[in-house]
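The next block is query18.cif, given as mmCIF, C-alpha atoms.
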data_my_file
loop_
_atom_site.group_PDB
_atom_site.id
_atom_site.type_symbol
_atom_site.label_atom_id
_atom_site.label_comp_id
_atom_site.auth_asym_id
_atom_site.auth_seq_id
_atom_site.Cartn_x
_atom_site.Cartn_y
_atom_site.Cartn_z
ATOM 1 C CA MET Q 1 295.243 43.901 85.034
ATOM 2 C CA GLU Q 2 294.498 40.747 86.983
ATOM 3 C CA ASN Q 3 291.186 40.902 88.796
ATOM 4 C CA GLN Q 4 291.270 39.498 92.330
ATOM 5 C CA SER Q 5 287.584 40.042 93.067
ATOM 6 C CA SER Q 6 285.781 37.250 94.889
ATOM 7 C CA VAL Q 7 282.371 38.799 94.189
ATOM 8 C CA SER Q 8 280.252 37.224 91.466
ATOM 9 C CA GLU Q 9 277.315 39.642 91.592
ATOM 10 C CA PHE Q 10 276.065 42.958 92.945
ATOM 11 C CA PHE Q 11 272.676 44.097 94.206
ATOM 12 C CA LEU Q 12 270.976 46.955 92.358
ATOM 13 C CA ARG Q 13 268.727 49.070 94.565
ATOM 14 C CA GLY Q 14 266.648 50.105 91.581
ATOM 15 C CA ILE Q 15 264.766 53.273 90.800
ATOM 16 C CA SER Q 16 263.098 53.285 94.225
ATOM 17 C CA GLY Q 17 263.576 51.538 97.543
ATOM 18 C CA PHE Q 18 259.845 50.893 97.957
ATOM 19 C CA PRO Q 19 258.324 47.830 96.187
ATOM 20 C CA GLU Q 20 255.012 49.630 95.549
ATOM 21 C CA GLN Q 21 256.794 52.475 93.769
ATOM 22 C CA GLN Q 22 258.941 49.992 91.845
ATOM 23 C CA GLN Q 23 255.848 48.474 90.213
ATOM 24 C CA LEU Q 24 254.404 51.883 89.361
ATOM 25 C CA LEU Q 25 257.699 53.109 87.924
ATOM 26 C CA TYR Q 26 258.080 49.852 85.996
ATOM 27 C CA GLY Q 27 255.067 50.725 83.834
ATOM 28 C CA LEU Q 28 256.240 54.319 83.420
ATOM 29 C CA PHE Q 29 259.776 53.380 82.402
ATOM 30 C CA LEU Q 30 258.544 50.638 80.074
ATOM 31 C CA CYS Q 31 256.330 53.153 78.266
ATOM 32 C CA MET Q 32 259.168 55.691 78.028
ATOM 33 C CA TYR Q 33 261.521 52.998 76.734
ATOM 34 C CA LEU Q 34 259.091 51.917 73.996
ATOM 35 C CA VAL Q 35 258.380 55.538 73.044
ATOM 36 C CA THR Q 36 262.135 56.224 72.844
ATOM 37 C CA LEU Q 37 262.787 53.232 70.599
ATOM 38 C CA THR Q 38 259.829 54.047 68.347
ATOM 39 C CA GLY Q 39 260.710 57.729 68.039
ATOM 40 C CA ASN Q 40 264.378 57.207 67.299
ATOM 41 C CA VAL Q 41 263.735 54.366 64.847
ATOM 42 C CA LEU Q 42 261.306 56.648 62.986
ATOM 43 C CA ILE Q 43 263.945 59.394 62.887
ATOM 44 C CA ILE Q 44 266.503 56.987 61.385
ATOM 45 C CA LEU Q 45 264.002 55.588 58.845
ATOM 46 C CA ALA Q 46 262.836 59.071 57.835
ATOM 47 C CA ILE Q 47 266.390 60.259 57.262
ATOM 48 C CA GLY Q 48 267.314 57.133 55.336
ATOM 49 C CA SER Q 49 264.224 57.200 53.107
ATOM 50 C CA ASP Q 50 264.186 60.916 52.249
ATOM 51 C CA PRO Q 51 266.904 62.073 49.805
ATOM 52 C CA HIS Q 52 266.406 65.680 50.954
ATOM 53 C CA LEU Q 53 267.735 64.696 54.374
ATOM 54 C CA HIS Q 54 270.928 63.092 53.083
ATOM 55 C CA THR Q 55 273.020 65.932 54.481
ATOM 56 C CA PRO Q 56 275.744 66.016 57.158
ATOM 57 C CA MET Q 57 273.385 67.434 59.798
ATOM 58 C CA TYR Q 58 270.854 64.632 59.442
ATOM 59 C CA PHE Q 59 273.597 62.053 58.984
ATOM 60 C CA PHE Q 60 274.823 62.843 62.495
ATOM 61 C CA LEU Q 61 271.253 63.135 63.772
ATOM 62 C CA ALA Q 62 270.653 59.533 62.680
ATOM 63 C CA ASN Q 63 273.783 58.491 64.563
ATOM 64 C CA LEU Q 64 272.616 60.499 67.596
ATOM 65 C CA SER Q 65 269.307 58.619 67.518
ATOM 66 C CA PHE Q 66 271.185 55.314 67.400
ATOM 67 C CA ALA Q 67 273.339 56.389 70.371
ATOM 68 C CA ASP Q 68 270.203 57.433 72.281
ATOM 69 C CA MET Q 69 268.698 53.983 71.772
ATOM 70 C CA GLY Q 70 271.926 52.393 72.953
ATOM 71 C CA LEU Q 71 272.110 54.668 76.011
ATOM 72 C CA ILE Q 72 268.612 53.905 77.266
ATOM 73 C CA SER Q 73 268.870 50.204 76.383
ATOM 74 C CA SER Q 74 272.125 49.802 78.311
ATOM 75 C CA THR Q 75 270.452 50.878 81.563
ATOM 76 C CA VAL Q 76 266.676 50.492 81.460
ATOM 77 C CA THR Q 77 266.385 46.959 80.100
ATOM 78 C CA LYS Q 78 268.194 45.434 83.097
ATOM 79 C CA MET Q 79 266.169 47.534 85.521
ATOM 80 C CA LEU Q 80 262.887 46.443 83.895
ATOM 81 C CA PHE Q 81 264.008 42.813 83.961
ATOM 82 C CA ASN Q 82 264.908 43.024 87.658
ATOM 83 C CA VAL Q 83 261.556 44.546 88.624
ATOM 84 C CA GLN Q 84 259.648 41.993 86.561
ATOM 85 C CA THR Q 85 261.527 38.996 87.999
ATOM 86 C CA GLN Q 86 261.890 40.455 91.517
ATOM 87 C CA CYS Q 87 265.591 39.603 91.308
ATOM 88 C CA HIS Q 88 267.658 42.725 91.968
ATOM 89 C CA THR Q 89 271.086 41.350 91.186
ATOM 90 C CA ILE Q 90 273.534 41.852 88.347
ATOM 91 C CA SER Q 91 276.539 39.657 87.691
ATOM 92 C CA TYR Q 92 280.045 41.055 88.028
ATOM 93 C CA THR Q 93 280.642 40.593 84.286
ATOM 94 C CA GLY Q 94 277.228 42.024 83.474
ATOM 95 C CA CYS Q 95 277.968 45.071 85.606
ATOM 96 C CA LEU Q 96 281.232 45.788 83.778
ATOM 97 C CA THR Q 97 279.527 45.244 80.417
ATOM 98 C CA GLN Q 98 276.700 47.609 81.310
ATOM 99 C CA MET Q 99 279.192 50.186 82.529
ATOM 100 C CA TYR Q 100 281.136 49.982 79.259
ATOM 101 C CA PHE Q 101 278.114 50.478 76.978
ATOM 102 C CA PHE Q 102 276.603 53.185 79.182
ATOM 103 C CA MET Q 103 279.791 55.264 79.064
ATOM 104 C CA MET Q 104 280.332 54.657 75.357
ATOM 105 C CA PHE Q 105 276.826 55.679 74.253
ATOM 106 C CA GLY Q 106 276.685 58.577 76.716
ATOM 107 C CA ASP Q 107 279.989 59.949 75.424
ATOM 108 C CA LEU Q 108 278.829 59.441 71.834
ATOM 109 C CA ASP Q 109 275.817 61.650 72.502
ATOM 110 C CA SER Q 110 278.110 64.418 73.708
ATOM 111 C CA PHE Q 111 280.467 64.232 70.725
ATOM 112 C CA PHE Q 112 277.695 63.946 68.135
ATOM 113 C CA LEU Q 113 276.067 67.099 69.524
ATOM 114 C CA ALA Q 114 279.419 68.895 69.222
ATOM 115 C CA VAL Q 115 279.889 67.798 65.602
ATOM 116 C CA MET Q 116 276.327 68.886 64.785
ATOM 117 C CA ALA Q 117 277.046 72.302 66.328
ATOM 118 C CA TYR Q 118 280.133 72.604 64.118
ATOM 119 C CA ASP Q 119 277.992 71.674 61.119
ATOM 120 C CA ARG Q 120 275.579 74.511 61.946
ATOM 121 C CA TYR Q 121 278.527 76.893 62.381
ATOM 122 C CA VAL Q 122 279.880 76.062 58.917
ATOM 123 C CA ALA Q 123 276.410 76.259 57.334
ATOM 124 C CA ILE Q 124 275.681 79.732 58.747
ATOM 125 C CA CYS Q 125 279.101 81.366 59.073
ATOM 126 C CA ARG Q 126 280.807 79.863 56.014
ATOM 127 C CA PRO Q 127 277.968 78.863 53.661
ATOM 128 C CA LEU Q 128 280.027 79.161 50.453
ATOM 129 C CA HIS Q 129 282.529 76.597 51.747
ATOM 130 C CA TYR Q 130 279.968 74.283 53.337
ATOM 131 C CA SER Q 131 280.036 71.517 50.732
ATOM 132 C CA THR Q 132 283.832 71.571 50.673
ATOM 133 C CA ILE Q 133 284.331 71.487 54.448
ATOM 134 C CA MET Q 134 281.496 69.091 55.327
ATOM 135 C CA SER Q 135 282.405 66.586 52.637
ATOM 136 C CA THR Q 136 281.488 62.920 52.798
ATOM 137 C CA ARG Q 137 285.075 62.031 53.639
ATOM 138 C CA PHE Q 138 285.243 64.575 56.474
ATOM 139 C CA CYS Q 139 281.918 63.408 57.939
ATOM 140 C CA GLY Q 140 283.061 59.801 57.798
ATOM 141 C CA LEU Q 141 286.315 60.740 59.507
ATOM 142 C CA MET Q 142 284.505 62.645 62.262
ATOM 143 C CA LEU Q 143 282.125 59.729 62.798
ATOM 144 C CA ALA Q 144 285.027 57.278 63.038
ATOM 145 C CA LEU Q 145 286.910 59.509 65.492
ATOM 146 C CA CYS Q 146 283.836 59.799 67.707
ATOM 147 C CA TRP Q 147 283.375 56.028 67.831
ATOM 148 C CA VAL Q 148 287.071 55.267 68.358
ATOM 149 C CA PHE Q 149 287.626 57.840 71.095
ATOM 150 C CA THR Q 150 284.488 56.959 73.062
ATOM 151 C CA ASN Q 151 285.307 53.247 72.847
ATOM 152 C CA VAL Q 152 288.843 53.906 74.113
ATOM 153 C CA VAL Q 153 287.518 55.957 77.041
ATOM 154 C CA ALA Q 154 284.872 53.388 77.971
ATOM 155 C CA LEU Q 155 287.318 50.492 77.624
ATOM 156 C CA THR Q 156 289.918 52.265 79.780
ATOM 157 C CA HIS Q 157 287.434 52.787 82.619
ATOM 158 C CA THR Q 158 286.185 49.208 82.324
ATOM 159 C CA LEU Q 159 289.684 47.683 82.423
ATOM 160 C CA LEU Q 160 290.656 49.835 85.392
ATOM 161 C CA MET Q 161 287.507 48.725 87.176
ATOM 162 C CA ALA Q 162 288.285 45.081 86.389
ATOM 163 C CA ARG Q 163 291.594 45.272 88.280
ATOM 164 C CA LEU Q 164 289.874 46.243 91.547
ATOM 165 C CA SER Q 165 288.921 43.818 94.286
ATOM 166 C CA PHE Q 166 285.414 43.589 95.701
ATOM 167 C CA CYS Q 167 285.431 41.695 98.976
ATOM 168 C CA VAL Q 168 281.694 41.693 99.675
ATOM 169 C CA ALA Q 169 278.615 41.699 97.450
ATOM 170 C CA GLY Q 170 277.458 45.229 98.207
ATOM 171 C CA GLU Q 171 274.390 47.122 97.122
ATOM 172 C CA ILE Q 172 274.746 49.625 94.274
ATOM 173 C CA ALA Q 173 272.601 52.593 95.237
ATOM 174 C CA HIS Q 174 271.360 53.033 91.681
ATOM 175 C CA PHE Q 175 269.260 51.380 88.989
ATOM 176 C CA PHE Q 176 272.337 50.610 86.867
ATOM 177 C CA CYS Q 177 276.084 50.138 87.362
ATOM 178 C CA ASP Q 178 277.137 53.749 87.598
ATOM 179 C CA ILE Q 179 280.925 53.924 87.816
ATOM 180 C CA THR Q 180 281.015 56.203 90.868
ATOM 181 C CA SER Q 181 278.569 53.986 92.757
ATOM 182 C CA VAL Q 182 280.556 50.822 91.973
ATOM 183 C CA LEU Q 183 283.864 52.423 93.008
ATOM 184 C CA LYS Q 184 282.455 52.961 96.506
ATOM 185 C CA LEU Q 185 282.068 49.193 96.935
ATOM 186 C CA SER Q 186 285.691 48.335 96.165
ATOM 187 C CA CYS Q 187 288.041 47.277 98.951
ATOM 188 C CA SER Q 188 291.072 48.194 96.801
ATOM 189 C CA ASP Q 189 292.829 51.499 96.319
ATOM 190 C CA THR Q 190 290.705 53.429 93.804
ATOM 191 C CA HIS Q 191 293.028 56.434 93.539
ATOM 192 C CA VAL Q 192 294.085 55.657 89.949
ATOM 193 C CA ASN Q 193 290.475 55.067 88.894
ATOM 194 C CA GLU Q 194 289.387 58.371 90.378
ATOM 195 C CA LEU Q 195 292.222 60.258 88.683
ATOM 196 C CA VAL Q 196 291.425 58.746 85.288
ATOM 197 C CA LEU Q 197 287.709 59.336 85.855
ATOM 198 C CA SER Q 198 288.339 62.997 86.616
ATOM 199 C CA GLY Q 199 290.690 63.430 83.651
ATOM 200 C CA PHE Q 200 288.679 61.570 81.037
ATOM 201 C CA GLY Q 201 285.356 62.671 82.511
ATOM 202 C CA GLY Q 202 286.302 66.334 82.357
ATOM 203 C CA THR Q 203 287.599 65.950 78.807
ATOM 204 C CA VAL Q 204 284.604 64.033 77.492
ATOM 205 C CA LEU Q 205 282.147 66.361 79.182
ATOM 206 C CA MET Q 206 283.735 69.777 78.794
ATOM 207 C CA VAL Q 207 285.551 69.637 75.423
ATOM 208 C CA PRO Q 208 282.388 68.962 73.372
ATOM 209 C CA PHE Q 209 280.464 71.481 75.486
ATOM 210 C CA VAL Q 210 283.100 74.190 74.919
ATOM 211 C CA CYS Q 211 283.063 73.426 71.166
ATOM 212 C CA ILE Q 212 279.275 73.813 71.152
ATOM 213 C CA VAL Q 213 279.457 77.113 73.029
ATOM 214 C CA ILE Q 214 282.146 78.488 70.695
ATOM 215 C CA SER Q 215 280.155 77.407 67.632
ATOM 216 C CA TYR Q 216 276.996 79.120 68.869
ATOM 217 C CA VAL Q 217 278.847 82.285 69.845
ATOM 218 C CA HIS Q 218 280.048 82.575 66.243
ATOM 219 C CA ILE Q 219 276.543 81.734 65.002
ATOM 220 C CA ALA Q 220 275.008 84.412 67.236
ATOM 221 C CA PHE Q 221 277.371 87.071 65.902
ATOM 222 C CA ALA Q 222 276.661 85.949 62.337
ATOM 223 C CA VAL Q 223 272.897 86.085 62.904
ATOM 224 C CA LEU Q 224 273.130 89.546 64.491
ATOM 225 C CA ARG Q 225 274.962 90.803 61.398
ATOM 226 C CA VAL Q 226 272.020 89.786 59.208
ATOM 227 C CA LYS Q 227 270.113 93.011 58.556
ATOM 228 C CA THR Q 228 266.753 91.537 57.551
ATOM 229 C CA SER Q 229 264.561 90.047 60.273
ATOM 230 C CA GLY Q 230 263.477 87.239 57.957
ATOM 231 C CA GLY Q 231 267.043 86.223 57.270
ATOM 232 C CA SER Q 232 268.018 86.157 60.929
ATOM 233 C CA SER Q 233 264.935 84.156 61.940
ATOM 234 C CA LYS Q 234 265.587 81.653 59.154
ATOM 235 C CA ALA Q 235 269.207 81.259 60.235
ATOM 236 C CA PHE Q 236 268.195 80.737 63.846
ATOM 237 C CA SER Q 237 265.411 78.285 62.955
ATOM 238 C CA THR Q 238 267.991 75.892 61.486
ATOM 239 C CA CYS Q 239 269.661 75.712 64.922
ATOM 240 C CA SER Q 240 266.647 75.792 67.241
ATOM 241 C CA SER Q 241 266.079 72.023 67.374
ATOM 242 C CA HIS Q 242 269.734 71.258 68.001
ATOM 243 C CA LEU Q 243 269.981 74.005 70.619
ATOM 244 C CA CYS Q 244 266.966 72.610 72.499
ATOM 245 C CA VAL Q 245 268.511 69.131 72.525
ATOM 246 C CA VAL Q 246 271.833 70.552 73.771
ATOM 247 C CA CYS Q 247 270.106 72.407 76.626
ATOM 248 C CA VAL Q 248 268.157 69.320 77.725
ATOM 249 C CA PHE Q 249 271.173 66.997 77.422
ATOM 250 C CA TYR Q 250 273.761 69.135 79.194
ATOM 251 C CA GLY Q 251 271.282 70.514 81.711
ATOM 252 C CA THR Q 252 270.520 67.029 83.029
ATOM 253 C CA LEU Q 253 274.123 65.860 82.604
ATOM 254 C CA PHE Q 254 275.601 68.725 84.621
ATOM 255 C CA SER Q 255 273.019 68.214 87.356
ATOM 256 C CA VAL Q 256 274.235 64.621 87.748
ATOM 257 C CA TYR Q 257 278.021 64.864 87.391
ATOM 258 C CA LEU Q 258 279.088 68.424 88.174
ATOM 259 C CA PHE Q 259 277.190 68.981 91.385
ATOM 260 C CA PRO Q 260 278.254 67.009 94.465
ATOM 261 C CA PRO Q 261 276.033 64.009 95.188
ATOM 262 C CA SER Q 262 273.608 64.505 98.041
ATOM 263 C CA VAL Q 263 274.388 62.120 100.834
ATOM 264 C CA GLU Q 264 270.982 62.652 102.467
ATOM 265 C CA SER Q 265 268.878 61.924 99.396
ATOM 266 C CA THR Q 266 269.988 59.150 97.088
ATOM 267 C CA GLU Q 267 266.533 59.225 95.504
ATOM 268 C CA LYS Q 268 267.193 62.710 94.098
ATOM 269 C CA ASP Q 269 270.498 61.586 92.569
ATOM 270 C CA VAL Q 270 268.815 58.562 90.964
ATOM 271 C CA ALA Q 271 266.025 60.783 89.627
ATOM 272 C CA ALA Q 272 268.603 63.160 88.115
ATOM 273 C CA ALA Q 273 270.384 60.227 86.457
ATOM 274 C CA ALA Q 274 267.042 58.973 85.116
ATOM 275 C CA MET Q 275 266.500 62.362 83.484
ATOM 276 C CA TYR Q 276 269.828 62.034 81.660
ATOM 277 C CA THR Q 277 269.624 58.363 80.702
ATOM 278 C CA VAL Q 278 265.886 57.980 80.026
ATOM 279 C CA VAL Q 279 264.031 61.267 79.580
ATOM 280 C CA THR Q 280 266.576 62.999 77.327
ATOM 281 C CA PRO Q 281 266.741 60.163 74.716
ATOM 282 C CA MET Q 282 262.927 60.102 74.716
ATOM 283 C CA LEU Q 283 262.585 63.861 74.172
ATOM 284 C CA ASN Q 284 265.083 64.174 71.299
ATOM 285 C CA PRO Q 285 262.798 62.711 68.572
ATOM 286 C CA PHE Q 286 259.923 64.950 69.709
ATOM 287 C CA ILE Q 287 262.113 68.053 69.667
ATOM 288 C CA TYR Q 288 263.391 67.365 66.156
ATOM 289 C CA SER Q 289 260.021 66.298 64.760
ATOM 290 C CA LEU Q 290 258.083 69.229 66.238
ATOM 291 C CA ARG Q 291 260.604 72.040 65.681
ATOM 292 C CA ASN Q 292 262.069 70.983 62.340
ATOM 293 C CA LYS Q 293 259.918 71.379 59.220
ATOM 294 C CA ASP Q 294 262.092 69.132 57.052
ATOM 295 C CA MET Q 295 262.012 66.325 59.613
ATOM 296 C CA LYS Q 296 258.289 66.760 60.167
ATOM 297 C CA GLY Q 297 257.669 66.495 56.437
ATOM 298 C CA ALA Q 298 259.906 63.429 56.107
ATOM 299 C CA LEU Q 299 258.097 61.681 58.965
ATOM 300 C CA LYS Q 300 254.715 62.408 57.372
ATOM 301 C CA ARG Q 301 255.860 61.021 54.037
ATOM 302 C CA LEU Q 302 257.334 57.955 55.753
ATOM 303 C CA LEU Q 303 254.158 57.212 57.706
ATOM 304 C CA CYS Q 304 251.941 57.823 54.667
ATOM 305 C CA HIS Q 305 254.099 55.509 52.571
ATOM 306 C CA ARG Q 306 253.945 52.800 55.247
ATOM 307 C CA ARG Q 307 250.164 53.190 55.494
ATOM 308 C CA ILE Q 308 249.691 52.930 51.725
ATOM 309 C CA PHE Q 309 252.058 49.962 51.543
ATOM 310 C CA SER Q 310 250.273 48.117 54.376
ATOM 311 C CA SER Q 311 246.845 48.715 52.854
#

Go ahead and render the structure in this file as structure tokens.
Amino acid sequence: MENQSSVSEFFLRGISGFPEQQQLLYGLFLCMYLVTLTGNVLIILAIGSDPHLHTPMYFFLANLSFADMGLISSTVTKMLFNVQTQCHTISYTGCLTQMYFFMMFGDLDSFFLAVMAYDRYVAICRPLHYSTIMSTRFCGLMLALCWVFTNVVALTHTLLMARLSFCVAGEIAHFFCDITSVLKLSCSDTHVNELVLSGFGGTVLMVPFVCIVISYVHIAFAVLRVKTSGGSSKAFSTCSSHLCVVCVFYGTLFSVYLFPPSVESTEKDVAAAAMYTVVTPMLNPFIYSLRNKDMKGALKRLLCHRRIFSS
């Protein structure tokens, strides 16, 4: 895959085409980035410090929080740096690197949500076999498969992009190196890239989503078979946080990648991508901390312990 590109850098349009809005959005995105890092770090520390949360569900939640931090860091940090320095360029190598990590962490989010849905299915539909099915070995295997597969997908797209030629330093109509936006700037034949993008993209997006839907269909039938209202509400409460995260994640994701991009309004497409890459990772810690009693209790104990230790 020999790259014949003569371009050393690209121009990133950013979150807005107006300098005044760029400065305003800089402060907003910086705050959201810091809130996201703080929230997800607290989730990871709470899970690690509380023995009651050393279960498969929270094991994958900690990995989801790590992937969320990677997803927002792979896109927002460069955008914040460009606005601060008033230099809206990204090197060719930096663009490919950003593209690789963005796809890897984004795909990891999707697969971790699917594994967590399967965990809830086993816990509710097959509770007597839960400890046997969701063993430490099985969880480790699922984690390894998620990392390996997403790295292979991201690396494949990155290597295919590296073989393309870019004759002029064009402007990427985005605030990060989105693969579809970069493909439009190539002066080579992008047919293979588009085929692989459609194949892998559909697989990475739809397979985890279908697994989540199937898991929750079985969960719904299991909950409906519970005769007592208290039992059904308790069963549903264990899934409510995860279900909220799934709705936010896939709702924003489908709005970006399943609907055709609007030629007239690039700003709307960028805003939709910002929802997926920035807002969703920020909301996940709030959803789990507010709707999950175990997580809320673990966070309180963690913060109290830190306060006592610091005093």

Using the file's own x, y and z axes, so that the box edges lie along x, y and z, what centre and edge lengths in Å (one decimal) does a box around every listed atom of segment 129-138 of chain Q get when 5 Å is added on each side? Give it as lines of an AutoDock Vina configuration file.
center_x = 282.6
center_y = 69.3
center_z = 53.6
size_x = 15.3
size_y = 24.6
size_z = 15.8

Decode the PyMOL selection byres ((chain Q and resi 8) around 7) for the given file into explicit residues and return them as a short mmCIF file (atom, residue, chain, number, x, y, z; two decimals) with C-alpha atoms, in the coordinates of the input.
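To be explicit, this is the file written out as part_6.cif:
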data_model
loop_
_atom_site.label_atom_id
_atom_site.label_comp_id
_atom_site.auth_asym_id
_atom_site.auth_seq_id
_atom_site.Cartn_x
_atom_site.Cartn_y
_atom_site.Cartn_z
CA SER Q 6 285.78 37.25 94.89
CA VAL Q 7 282.37 38.80 94.19
CA GLU Q 9 277.32 39.64 91.59
CA SER Q 91 276.54 39.66 87.69
CA TYR Q 92 280.04 41.06 88.03
#

Residues within 6 Å of His88 of chain Q, all atoms listed in the file, excluding chain neighbours under 6 positions, as a ChimeraX atom specification: /Q:11-12,82

Please evaluate the PyMOL selection byres ((chain Q and resi 64) around 12) against the structure above and give the resulting residues as a VMD selection string. chain Q and resid 40 to 41 43 to 44 57 to 63 65 to 71 105 to 116 143 146 to 147 242 245 to 246 249 280 to 281 284 to 285 288

How would the residues just picked look written out with C-alpha atoms as a compact mmCIF listing (two decimals), in the coordinates of the input?
# COMPACT_ATOMS: atom_id res chain seq x y z
CA ASN Q 40 264.38 57.21 67.30
CA VAL Q 41 263.74 54.37 64.85
CA ILE Q 43 263.94 59.39 62.89
CA ILE Q 44 266.50 56.99 61.38
CA MET Q 57 273.38 67.43 59.80
CA TYR Q 58 270.85 64.63 59.44
CA PHE Q 59 273.60 62.05 58.98
CA PHE Q 60 274.82 62.84 62.50
CA LEU Q 61 271.25 63.14 63.77
CA ALA Q 62 270.65 59.53 62.68
CA ASN Q 63 273.78 58.49 64.56
CA SER Q 65 269.31 58.62 67.52
CA PHE Q 66 271.18 55.31 67.40
CA ALA Q 67 273.34 56.39 70.37
CA ASP Q 68 270.20 57.43 72.28
CA MET Q 69 268.70 53.98 71.77
CA GLY Q 70 271.93 52.39 72.95
CA LEU Q 71 272.11 54.67 76.01
CA PHE Q 105 276.83 55.68 74.25
CA GLY Q 106 276.68 58.58 76.72
CA ASP Q 107 279.99 59.95 75.42
CA LEU Q 108 278.83 59.44 71.83
CA ASP Q 109 275.82 61.65 72.50
CA SER Q 110 278.11 64.42 73.71
CA PHE Q 111 280.47 64.23 70.72
CA PHE Q 112 277.70 63.95 68.14
CA LEU Q 113 276.07 67.10 69.52
CA ALA Q 114 279.42 68.90 69.22
CA VAL Q 115 279.89 67.80 65.60
CA MET Q 116 276.33 68.89 64.78
CA LEU Q 143 282.12 59.73 62.80
CA CYS Q 146 283.84 59.80 67.71
CA TRP Q 147 283.38 56.03 67.83
CA HIS Q 242 269.73 71.26 68.00
CA VAL Q 245 268.51 69.13 72.53
CA VAL Q 246 271.83 70.55 73.77
CA PHE Q 249 271.17 67.00 77.42
CA THR Q 280 266.58 63.00 77.33
CA PRO Q 281 266.74 60.16 74.72
CA ASN Q 284 265.08 64.17 71.30
CA PRO Q 285 262.80 62.71 68.57
CA TYR Q 288 263.39 67.36 66.16

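Rounded to one decimal, atom CA of Phe209 of chain Q and atom CA of Val248 of chain Q lie 12.7 Å from each other.
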
Just so the selection is clear, what residues does the PyMOL selection byres ((chain Q and resi 15) around 7) cover here, as a PDB file with C-alpha atoms, in the frame of the given file?
ATOM      1  CA  ARG Q  13     268.727  49.070  94.565  1.00  0.00           C
ATOM      2  CA  GLY Q  14     266.648  50.105  91.581  1.00  0.00           C
ATOM      3  CA  SER Q  16     263.098  53.285  94.225  1.00  0.00           C
ATOM      4  CA  GLN Q  22     258.941  49.992  91.845  1.00  0.00           C
ATOM      5  CA  HIS Q 174     271.360  53.033  91.681  1.00  0.00           C
ATOM      6  CA  PHE Q 175     269.260  51.380  88.989  1.00  0.00           C
ATOM      7  CA  VAL Q 270     268.815  58.562  90.964  1.00  0.00           C
TER       8      VAL Q 270
END

Taking only C-alpha atoms into account, name the residue in Q:His129, Q:Lys293, Q:His191, Q:Arg120 that is nearest to Cys211 of chain Q.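 Checking each candidate against Cys211 of chain Q, we get Q:Arg120 as the closest.
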
Top pick for closest residue to Gly201 of chain Q, considering Q:Val83, Q:Ala117, Q:Thr180, Q:Ser240 and counting all atoms listed in the file: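 Using all atoms listed in the file, the shortest distance to Gly201 of chain Q belongs to Q:Thr180.
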
To one decimal place in Å, what is the distance between atom CA of Gly140 of chain Q and atom CA of Gly297 of chain Q? 26.3 Å

Tell me which protein, DNA and RNA residues are within 12 Å of segment 154-162 of chain Q, counting all atoms listed in the file, leaving out same-chain ones fewer than 6 positions away, and put them as a VMD selection string. chain Q and resid 1 to 7 92 to 108 147 to 148 177 to 201 204

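Here atom CA of Met282 of chain Q stands at a distance of 21.9 Å from atom CA of Arg301 of chain Q.
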
Counting all atoms listed in the file, the residue of Q:Ser49, Q:Thr89, Q:Ser131, Q:Thr252 that sits nearest Met295 of chain Q: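 Looking only at the distances to Met295 of chain Q, the closest residue turns out to be Q:Ser49.
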
Contacts of Ser135 of chain Q at 10 Å or less, counting all atoms listed in the file, minus same-chain residues fewer than 5 places along, as a CSV table (one decimal) with C-alpha atoms, in the frame of the given file?
chain,number,residue,atom,x,y,z
Q,55,THR,CA,273.0,65.9,54.5
Q,56,PRO,CA,275.7,66.0,57.2
Q,130,TYR,CA,280.0,74.3,53.3
Q,140,GLY,CA,283.1,59.8,57.8
Q,141,LEU,CA,286.3,60.7,59.5

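Proximity ranking of Q:Asn151, Q:Val213, Q:Leu25, Q:His54 relative to Val76 of chain Q places Q:Leu25 first, based on only C-alpha atoms.
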
Smallest atom-to-atom distance to Leu24 of chain Q: which of Q:Leu80, Q:Cys239, Q:Leu205, Q:Leu53, using only C-alpha atoms?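 Ranking Q:Leu80, Q:Cys239, Q:Leu205, Q:Leu53 by distance to Leu24 of chain Q, first place goes to Q:Leu80.
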